[in-house]
>>> print(open('structure_27.cif').read())   # mmCIF, C-alpha atoms
data_run
loop_
_atom_site.label_atom_id
_atom_site.label_comp_id
_atom_site.auth_asym_id
_atom_site.auth_seq_id
_atom_site.Cartn_x
_atom_site.Cartn_y
_atom_site.Cartn_z
CA MET A 8 22.07 -14.02 6.77
CA SER A 9 23.27 -11.95 9.72
CA SER A 10 26.55 -10.21 10.62
CA ALA A 11 27.79 -7.65 13.11
CA SER A 12 25.35 -4.74 12.98
CA ASP A 13 22.91 -2.78 15.09
CA PHE A 14 20.19 -4.61 13.13
CA GLU A 15 20.09 -8.38 12.70
CA ILE A 16 18.40 -10.03 9.72
CA SER A 17 17.38 -13.68 9.88
CA GLU A 18 14.99 -16.21 8.37
CA GLY A 19 11.57 -16.32 10.00
CA ARG A 20 9.75 -19.38 11.28
CA LEU A 21 6.06 -18.90 10.60
CA PRO A 22 4.47 -22.25 9.63
CA GLY A 23 3.92 -22.46 5.89
CA LEU A 24 5.63 -19.16 5.13
CA ARG A 25 9.12 -18.07 4.22
CA THR A 26 9.78 -14.80 5.98
CA VAL A 27 12.58 -12.40 6.82
CA VAL A 28 12.89 -10.98 10.34
CA VAL A 29 14.67 -7.72 11.17
CA GLU A 30 15.49 -6.93 14.79
CA GLY A 31 17.34 -4.07 16.44
CA HIS A 32 16.95 -0.86 18.44
CA GLY A 33 13.86 -2.36 20.11
CA VAL A 34 12.19 -2.90 16.73
CA ARG A 35 11.05 -6.19 15.22
CA CYS A 36 9.74 -6.41 11.65
CA GLU A 37 8.71 -9.53 9.73
CA ILE A 38 8.24 -9.63 5.95
CA ALA A 39 6.88 -12.56 3.92
CA HIS A 40 8.41 -13.50 0.58
CA ARG A 41 4.87 -13.96 -0.72
CA GLY A 42 3.91 -10.56 -2.08
CA ALA A 43 6.91 -8.99 -0.27
CA THR A 44 4.27 -8.42 2.42
CA VAL A 45 5.03 -6.76 5.75
CA LEU A 46 3.39 -8.95 8.39
CA SER A 47 4.36 -6.91 11.43
CA TRP A 48 6.39 -3.96 12.69
CA ARG A 49 6.73 -3.64 16.43
CA SER A 50 8.48 -1.03 18.55
CA GLY A 51 8.92 -2.32 22.09
CA HIS A 52 5.49 -3.64 23.06
CA ASP A 53 3.65 -1.54 20.46
CA ASP A 54 2.35 -3.53 17.46
CA ILE A 55 1.82 -0.86 14.81
CA ILE A 56 1.35 -2.75 11.52
CA ASP A 57 -1.85 -4.82 11.59
CA GLY A 58 -0.77 -7.50 9.14
CA TYR A 59 -1.66 -11.11 8.42
CA HIS A 60 -1.15 -13.52 11.32
CA ASP A 61 -0.40 -16.71 9.38
CA ALA A 62 -0.14 -18.40 5.99
CA THR A 63 -3.90 -18.98 5.78
CA GLU A 64 -4.69 -15.30 6.28
CA LEU A 65 -2.04 -14.22 3.79
CA GLY A 66 -3.40 -16.68 1.24
CA GLY A 67 -6.94 -15.40 1.73
CA GLN A 68 -5.87 -11.78 1.16
CA ASP A 69 -8.80 -10.37 3.16
CA GLY A 70 -8.32 -6.63 3.41
CA VAL A 71 -5.10 -6.69 1.34
CA ARG A 72 -3.14 -6.04 4.54
CA SER A 73 0.22 -4.42 3.75
CA GLY A 74 -0.28 -5.28 0.08
CA ILE A 75 2.30 -4.15 -2.48
CA LEU A 76 0.13 -2.83 -5.30
CA VAL A 77 1.60 -3.71 -8.71
CA PRO A 78 0.77 -3.15 -11.55
CA PHE A 79 -2.35 -1.27 -10.50
CA ALA A 80 -3.66 0.31 -7.31
CA GLY A 81 -7.35 0.24 -6.48
CA ARG A 82 -10.23 -1.24 -8.44
CA ILE A 83 -10.53 -1.84 -12.19
CA ARG A 84 -14.06 -1.37 -13.54
CA ASP A 85 -15.63 -4.64 -14.68
CA ALA A 86 -12.19 -6.31 -14.35
CA ALA A 87 -11.25 -5.04 -17.82
CA TYR A 88 -9.52 -2.18 -19.59
CA THR A 89 -8.59 -1.15 -23.12
CA TRP A 90 -4.95 -0.51 -23.94
CA ASN A 91 -3.58 0.25 -27.40
CA GLU A 92 -7.04 -0.51 -28.81
CA LEU A 93 -7.06 -4.02 -27.31
CA ARG A 94 -9.45 -5.06 -24.55
CA HIS A 95 -7.81 -6.94 -21.68
CA ASP A 96 -9.91 -9.06 -19.31
CA LEU A 97 -8.41 -9.67 -15.86
CA ARG A 98 -11.07 -12.29 -15.06
CA PRO A 99 -11.71 -14.14 -18.33
CA GLY A 100 -14.71 -16.46 -18.16
CA SER A 101 -15.58 -15.42 -14.61
CA SER A 102 -18.77 -13.77 -13.39
CA ASP A 103 -16.80 -12.23 -10.52
CA ARG A 104 -15.80 -8.85 -11.91
CA ASP A 105 -14.41 -7.42 -8.68
CA VAL A 106 -10.69 -6.87 -9.24
CA PHE A 107 -8.48 -4.59 -7.20
CA HIS A 108 -4.96 -3.85 -5.99
CA GLY A 109 -2.84 -5.50 -8.65
CA VAL A 110 -1.69 -9.06 -9.21
CA LEU A 111 1.78 -9.31 -7.64
CA ARG A 112 0.65 -9.27 -4.01
CA GLU A 113 0.21 -13.05 -4.30
CA SER A 114 3.47 -13.66 -6.19
CA TYR A 115 6.71 -14.92 -4.69
CA PHE A 116 9.49 -12.35 -4.30
CA GLU A 117 13.14 -13.34 -3.94
CA LEU A 118 15.34 -11.52 -1.44
CA VAL A 119 18.10 -10.24 -3.74
CA GLY A 120 19.87 -7.68 -1.58
CA VAL A 121 20.59 -6.94 2.07
CA THR A 122 22.49 -3.98 3.54
CA ARG A 123 23.01 -3.37 7.25
CA GLU A 124 23.69 0.12 8.56
CA PRO A 125 24.03 1.45 12.11
CA GLU A 126 20.54 2.97 12.02
CA ALA A 127 18.71 0.86 9.42
CA ALA A 128 18.42 -2.45 7.60
CA ARG A 129 17.82 -2.39 3.84
CA MET A 130 16.31 -5.27 1.89
CA ARG A 131 15.38 -5.68 -1.76
CA PHE A 132 12.74 -8.18 -2.87
CA ARG A 133 12.30 -8.95 -6.58
CA ALA A 134 9.66 -10.60 -8.75
CA VAL A 135 10.07 -11.12 -12.50
CA THR A 136 6.89 -11.78 -14.43
CA SER A 137 6.49 -12.99 -18.00
CA ARG A 138 4.06 -11.94 -20.69
CA SER A 139 1.73 -14.88 -20.02
CA ARG A 140 1.97 -14.98 -16.21
CA HIS A 141 -1.24 -13.12 -15.38
CA ALA A 142 -4.53 -13.18 -17.29
CA GLY A 143 -5.43 -9.80 -18.71
CA TYR A 144 -2.01 -8.27 -18.11
CA PRO A 145 0.30 -9.37 -20.96
CA PHE A 146 3.16 -7.04 -20.04
CA PRO A 147 6.41 -8.52 -18.65
CA LEU A 148 7.85 -6.67 -15.67
CA CYS A 149 10.75 -6.71 -13.27
CA SER A 150 9.42 -5.45 -9.92
CA ASP A 151 11.61 -4.49 -6.95
CA VAL A 152 10.38 -3.68 -3.46
CA ASP A 153 12.95 -1.99 -1.24
CA TYR A 154 12.34 -1.80 2.50
CA VAL A 155 14.36 0.33 4.88
CA VAL A 156 13.53 -0.75 8.43
CA ARG A 157 14.38 1.93 10.99
CA ARG A 158 13.76 2.40 14.70
CA GLU A 159 11.10 5.01 13.82
CA GLY A 160 9.34 3.13 11.02
CA ILE A 161 9.72 1.79 7.49
CA ASP A 162 10.57 3.40 4.15
CA VAL A 163 9.15 1.64 1.07
CA SER A 164 10.23 1.97 -2.54
CA VAL A 165 8.31 0.12 -5.27
CA SER A 166 10.12 0.11 -8.62
CA VAL A 167 9.02 -1.47 -11.89
CA VAL A 168 10.88 -1.91 -15.18
CA ASN A 169 8.93 -2.61 -18.36
CA THR A 170 10.91 -5.50 -19.85
CA GLY A 171 8.55 -5.88 -22.80
CA GLU A 172 8.49 -4.41 -26.28
CA SER A 173 5.42 -2.19 -25.99
CA PRO A 174 4.18 0.48 -23.56
CA ALA A 175 2.57 -0.94 -20.42
CA PRO A 176 -0.01 0.59 -18.07
CA ILE A 177 1.35 0.76 -14.53
CA THR A 178 0.24 2.34 -11.26
CA LEU A 179 1.78 1.54 -7.87
CA GLY A 180 1.07 1.69 -4.16
CA TRP A 181 1.26 0.26 -0.64
CA HIS A 182 -1.71 -0.76 1.55
CA PRO A 183 -0.76 -0.88 5.27
CA TYR A 184 -3.15 -0.96 8.23
CA PHE A 185 -2.08 0.85 11.39
CA ARG A 186 -2.99 0.16 15.01
CA LEU A 187 -2.57 2.86 17.63
CA PRO A 188 -1.73 1.37 21.05
CA SER A 189 -3.96 3.80 22.96
CA ALA A 190 -6.94 3.43 20.57
CA ARG A 191 -9.03 0.29 21.15
CA SER A 192 -10.79 0.93 17.84
CA VAL A 193 -10.81 3.31 14.90
CA ASP A 194 -13.52 5.29 16.74
CA ALA A 195 -10.85 6.76 19.03
CA ILE A 196 -8.32 7.59 16.30
CA THR A 197 -7.65 11.18 15.28
CA LEU A 198 -7.11 11.58 11.53
CA ARG A 199 -5.52 14.39 9.54
CA VAL A 200 -5.50 14.37 5.72
CA ASN A 201 -4.31 17.49 3.91
CA ALA A 202 -6.83 17.21 1.09
CA SER A 203 -9.56 19.63 0.06
CA SER A 204 -11.27 17.17 -2.29
CA VAL A 205 -12.11 13.50 -2.71
CA LEU A 206 -12.84 11.34 -5.71
CA VAL A 207 -16.52 10.94 -6.62
CA THR A 208 -17.37 7.23 -6.74
CA ASP A 209 -20.37 5.08 -7.62
CA ALA A 210 -22.04 2.33 -5.59
CA GLN A 211 -19.16 -0.06 -6.42
CA LEU A 212 -16.64 2.49 -5.11
CA LEU A 213 -15.37 3.00 -8.65
CA PRO A 214 -14.45 6.55 -9.67
CA VAL A 215 -16.61 8.70 -11.88
CA HIS A 216 -13.65 9.87 -13.94
CA GLY A 217 -13.12 13.59 -13.96
CA GLU A 218 -15.42 14.25 -11.00
CA THR A 219 -14.21 15.35 -7.57
CA ARG A 220 -16.01 16.72 -4.53
CA ASP A 221 -14.99 19.52 -2.22
CA VAL A 222 -14.82 18.20 1.35
CA THR A 223 -15.65 21.54 2.96
CA GLY A 224 -18.56 21.09 5.36
CA THR A 225 -18.67 17.31 4.86
CA SER A 226 -17.79 14.34 7.06
CA LEU A 227 -14.65 13.83 4.95
CA ASP A 228 -13.02 17.12 5.86
CA PHE A 229 -9.95 16.10 7.87
CA ARG A 230 -7.70 19.02 6.98
CA GLU A 231 -7.81 19.85 10.66
CA ALA A 232 -7.12 16.75 12.74
CA ARG A 233 -10.25 15.35 14.37
CA ILE A 234 -11.54 12.13 15.90
CA ILE A 235 -13.10 9.68 13.44
CA GLY A 236 -15.77 8.47 15.85
CA THR A 237 -18.34 6.14 14.32
CA ASP A 238 -17.81 7.44 10.76
CA MET A 239 -17.22 4.82 8.07
CA ILE A 240 -14.52 5.98 5.65
CA ASP A 241 -13.78 4.30 2.32
CA ALA A 242 -12.60 7.21 0.20
CA CYS A 243 -9.84 8.43 -2.07
CA PHE A 244 -8.45 11.79 -0.97
CA LEU A 245 -6.70 14.10 -3.42
CA PRO A 246 -4.01 15.88 -1.39
CA ALA A 247 -2.68 19.31 -2.16
CA GLY A 248 0.49 18.85 -4.21
CA GLY A 249 0.06 15.11 -4.68
CA ALA A 250 -0.61 15.32 -8.40
CA ASP A 251 2.45 17.54 -8.88
CA GLY A 252 4.92 15.17 -7.27
CA GLY A 253 4.96 16.93 -3.91
CA ARG A 254 5.47 15.05 -0.64
CA VAL A 255 2.18 14.11 1.02
CA GLU A 256 1.73 13.36 4.73
CA THR A 257 -1.27 11.76 6.45
CA GLN A 258 -1.42 11.41 10.22
CA VAL A 259 -3.30 9.10 12.58
CA ALA A 260 -3.05 9.39 16.37
CA GLY A 261 -4.39 7.70 19.48
CA PRO A 262 -5.90 9.42 22.55
CA ALA A 263 -2.56 9.26 24.41
CA GLY A 264 -0.70 11.03 21.61
CA ASP A 265 0.85 7.96 19.99
CA THR A 266 1.14 8.92 16.32
CA VAL A 267 1.81 7.41 12.91
CA THR A 268 2.71 9.76 10.07
CA MET A 269 2.36 8.15 6.64
CA TRP A 270 4.30 9.88 3.88
CA GLN A 271 4.42 9.41 0.12
CA SER A 272 6.35 11.00 -2.72
CA SER A 273 3.24 11.87 -4.76
CA GLY A 274 -0.20 10.62 -5.71
CA ALA A 275 -3.45 10.12 -3.81
CA VAL A 276 -4.36 8.78 -0.36
CA TYR A 277 -7.02 6.13 0.16
CA VAL A 278 -8.35 5.86 3.71
CA TYR A 279 -10.40 2.88 4.87
CA THR A 280 -11.65 2.31 8.41
CA GLY A 281 -11.70 -1.47 8.05
CA ASP A 282 -15.43 -1.93 8.51
CA ARG A 283 -15.63 -5.06 6.31
CA LEU A 284 -12.52 -6.85 7.57
CA ALA A 285 -13.15 -10.50 8.41
CA ARG A 286 -10.90 -10.25 11.46
CA ASP A 287 -10.82 -7.32 13.89
CA SER A 288 -13.00 -4.91 11.95
CA ARG A 289 -12.36 -1.26 12.85
CA ALA A 290 -9.41 -2.23 15.04
CA SER A 291 -6.97 -0.59 12.62
CA ILE A 292 -7.06 1.96 9.83
CA ALA A 293 -5.75 1.59 6.28
CA VAL A 294 -3.83 4.55 4.92
CA GLU A 295 -3.10 3.54 1.35
CA ALA A 296 -0.43 5.45 -0.56
CA ILE A 297 -1.16 5.19 -4.29
CA SER A 298 0.54 6.75 -7.30
CA HIS A 299 -2.74 7.19 -9.23
CA VAL A 300 -6.43 7.08 -8.40
CA PRO A 301 -8.28 3.74 -8.78
CA ASP A 302 -9.28 2.57 -12.28
CA ALA A 303 -6.67 4.82 -13.87
CA PHE A 304 -6.25 2.25 -16.68
CA ASN A 305 -9.73 3.23 -17.88
CA ASP A 306 -9.24 6.99 -17.55
CA PRO A 307 -8.24 8.51 -20.92
CA THR A 308 -6.89 11.64 -19.21
CA ALA A 309 -4.43 9.54 -17.18
CA ARG A 310 -2.92 7.65 -20.09
CA SER A 311 0.26 9.73 -20.36
CA THR A 312 1.15 9.25 -16.69
CA VAL A 313 0.05 5.60 -16.53
CA SER A 314 1.98 4.48 -19.63
CA LEU A 315 5.52 3.14 -19.18
CA ALA A 316 7.71 2.79 -22.27
CA PRO A 317 9.69 -0.38 -23.05
CA GLY A 318 12.88 -0.44 -21.01
CA ALA A 319 11.74 2.43 -18.81
CA SER A 320 11.30 2.31 -15.05
CA ARG A 321 8.92 3.87 -12.55
CA THR A 322 9.37 4.24 -8.79
CA PHE A 323 6.89 5.12 -6.06
CA ARG A 324 8.11 5.91 -2.55
CA CYS A 325 6.25 5.98 0.73
CA GLY A 326 6.65 4.97 4.35
CA PHE A 327 5.74 5.80 7.92
CA ASP A 328 7.17 7.16 11.16
CA TYR A 329 5.86 6.11 14.56
CA HIS A 330 6.08 8.25 17.68
CA PRO A 331 4.94 6.54 20.91
CA ALA A 332 2.92 8.37 23.53
CA GLY A 333 5.06 10.77 25.51
CA SER A 334 7.87 10.93 22.96
#
>>> encode(input="structure_27.cif", output="structure tokens")
Amino acid sequence: MSSASDFEISEGRLPGLRTVVVEGHGVRCEIAHRGATVLSWRSGHDDIIDGYHDATELGGQDGVRSGILVPFAGRIRDAAYTWNELRHDLRPGSSDRDVFHGVLRESYFELVGVTREPEAARMRFRAVTSRSRHAGYPFPLCSDVDYVVRREGIDVSVSVVNTGESPAPITLGWHPYFRLPSARSVDAITLRVNASSVLVTDAQLLPVHGETRDVTGTSLDFREARIIGTDMIDACFLPAGGADGGRVETQVAGPAGDTVTMWQSSGAVYVYTGDRLARDSRASIAVEAISHVPDAFNDPTARSTVSLAPGASRTFRCGFDYHPAGS
């Protein structure tokens, strides 16, 4: 798989997993074919992406670490939605109605394209799903995940084509967790989110559609960067310009000045301090870039932006840049 280049691309060797490894410029990144999931991104000795360690963790999907969110980002109320006057149940016959973050993060993606450049390695992963592949989502899709691995970080592009004959509901996103080398826990991380409001949610963290809350004077006001401390954050921020397709940046930093800047082409930002993670709770922070707010399939006001016509495509772009302490 490799050739002369500043970046080398090879097959990984994690037991029970097919992976792709990218190495160059002091960077090492490993991506699993399952879910097109980034397992790690390391610069020198700094492990920045807090991904799954092995096949068992990836199969368990605790925390949805580095999950590619297709065809919906966030939770779906009662695991069901109505589309074109038909009710679709994502958990038919099950009493477990907790559904979130799409269905393709557990699907197998083929590596269909590789490009090596002096300063980057580009890879395209693809999954093609049929009408009957997933319960409650009878819309065939061709989904591409493009990764550009650079010495400073990763660029991510999630693209979906509706290969069916009727409009399909689709929202997209990426769900990475970041570790800061100089922060032993989330308590020491400084967070900046350029958002003056958050989504109002109920006890199940599902949105009350149409309701937002001004963050001024609250514990969720991070427009000026400040230390998280012992605060527990599990909230959807509505950044200035995000709804209008403007670039959105969210920043997390450690005490020594090591910094990750997460960017996205549009949409909302979901921040989670990892309090319920089965492994290493509050050791890393999730900065989720999402094209739409959670449960958008059940929001009548979002229908025009959620709907994707037959033959049409939709792309969501995001990524991160890492700057080590002292850089």
>>> resolve_selection(input="structure_27.cif", expression="the PyMOL selection byres ((chain A and resi 234) around 8)", output="number ranges by chain")
A: 194-198, 232-233, 235-236
>>> atom_distance(input="structure_27.cif", atom1="CA of Gly67 (chain A)", atom2="CA of Ala285 (chain A)")
10.4 Å
>>> atom_distance(input="structure_27.cif", atom1="CA of Pro301 (chain A)", atom2="CA of Arg138 (chain A)")
23.2 Å
>>> residues_around(input="structure_27.cif", residues="region 164-169 of chain A", least_positions_apart="2", cutoff="6 Å", atoms="all atoms listed in the file", output="ChimeraX atom specification")
/A:148-153,171,317-324
>>> write_last_selection(input="structure_27.cif", atoms="C-alpha atoms", output="mmCIF file, keeping the file's coordinate frame")
data_model
loop_
_atom_site.group_PDB
_atom_site.id
_atom_site.type_symbol
_atom_site.label_atom_id
_atom_site.label_comp_id
_atom_site.auth_asym_id
_atom_site.auth_seq_id
_atom_site.Cartn_x
_atom_site.Cartn_y
_atom_site.Cartn_z
ATOM 1 C CA LEU A 148 7.850 -6.670 -15.670
ATOM 2 C CA CYS A 149 10.750 -6.710 -13.270
ATOM 3 C CA SER A 150 9.420 -5.450 -9.920
ATOM 4 C CA ASP A 151 11.610 -4.490 -6.950
ATOM 5 C CA VAL A 152 10.380 -3.680 -3.460
ATOM 6 C CA ASP A 153 12.950 -1.990 -1.240
ATOM 7 C CA GLY A 171 8.550 -5.880 -22.800
ATOM 8 C CA PRO A 317 9.690 -0.380 -23.050
ATOM 9 C CA GLY A 318 12.880 -0.440 -21.010
ATOM 10 C CA ALA A 319 11.740 2.430 -18.810
ATOM 11 C CA SER A 320 11.300 2.310 -15.050
ATOM 12 C CA ARG A 321 8.920 3.870 -12.550
ATOM 13 C CA THR A 322 9.370 4.240 -8.790
ATOM 14 C CA PHE A 323 6.890 5.120 -6.060
ATOM 15 C CA ARG A 324 8.110 5.910 -2.550
#
>>> residues_around(input="structure_27.cif", residues="region 266-281 of chain A", least_positions_apart="5", cutoff="8 Å", atoms="all atoms listed in the file", output="number ranges by chain")
A: 70, 185, 187, 193, 239-246, 248-261, 288-300, 323-332
>>> residues_near_point(input="structure_27.cif", point="(-2.4, -9.1, 8.0)", cutoff="7 Å", atoms="only C-alpha atoms", output="list of chain:residue names")
A:Leu46, A:Asp57, A:Gly58, A:Tyr59, A:His60, A:Glu64, A:Leu65, A:Arg72, A:Ser73
>>> closest_residue(input="structure_27.cif", among="A:Gly109, A:Gly51, A:Gly120, A:Gly66", to="Tyr154 (chain A)", atoms="only C-alpha atoms")
A:Gly120
>>> atom_distance(input="structure_27.cif", atom1="CA of Tyr184 (chain A)", atom2="CA of Ile56 (chain A)")
5.9 Å
>>> resolve_selection(input="structure_27.cif", expression="the PyMOL selection byres ((chain A and resi 85-92) around 10)", output="PyMOL selection string")
chain A and resi 82-84+93-99+101-107+143-144+173-176+213+302-307+310+314
>>> resolve_selection(input="structure_27.cif", expression="the PyMOL selection byres ((chain A and resi 127-132) around 9)", output="compact mmCIF listing (two decimals) with C-alpha atoms, in the coordinates of the input")
# COMPACT_ATOMS: atom_id res chain seq x y z
CA ASP A 13 22.91 -2.78 15.09
CA PHE A 14 20.19 -4.61 13.13
CA GLU A 15 20.09 -8.38 12.70
CA ILE A 16 18.40 -10.03 9.72
CA VAL A 29 14.67 -7.72 11.17
CA GLU A 30 15.49 -6.93 14.79
CA GLY A 31 17.34 -4.07 16.44
CA HIS A 40 8.41 -13.50 0.58
CA ALA A 43 6.91 -8.99 -0.27
CA PHE A 116 9.49 -12.35 -4.30
CA GLU A 117 13.14 -13.34 -3.94
CA LEU A 118 15.34 -11.52 -1.44
CA VAL A 119 18.10 -10.24 -3.74
CA GLY A 120 19.87 -7.68 -1.58
CA VAL A 121 20.59 -6.94 2.07
CA THR A 122 22.49 -3.98 3.54
CA ARG A 123 23.01 -3.37 7.25
CA GLU A 124 23.69 0.12 8.56
CA PRO A 125 24.03 1.45 12.11
CA GLU A 126 20.54 2.97 12.02
CA ARG A 133 12.30 -8.95 -6.58
CA ALA A 134 9.66 -10.60 -8.75
CA SER A 150 9.42 -5.45 -9.92
CA ASP A 151 11.61 -4.49 -6.95
CA VAL A 152 10.38 -3.68 -3.46
CA ASP A 153 12.95 -1.99 -1.24
CA TYR A 154 12.34 -1.80 2.50
CA VAL A 155 14.36 0.33 4.88
CA VAL A 156 13.53 -0.75 8.43
CA ARG A 157 14.38 1.93 10.99
CA ARG A 158 13.76 2.40 14.70
>>> closest_residue(input="structure_27.cif", among="A:Ser50, A:Ser137, A:Gln211, A:Thr225", to="Pro188 (chain A)", atoms="only C-alpha atoms")
A:Ser50
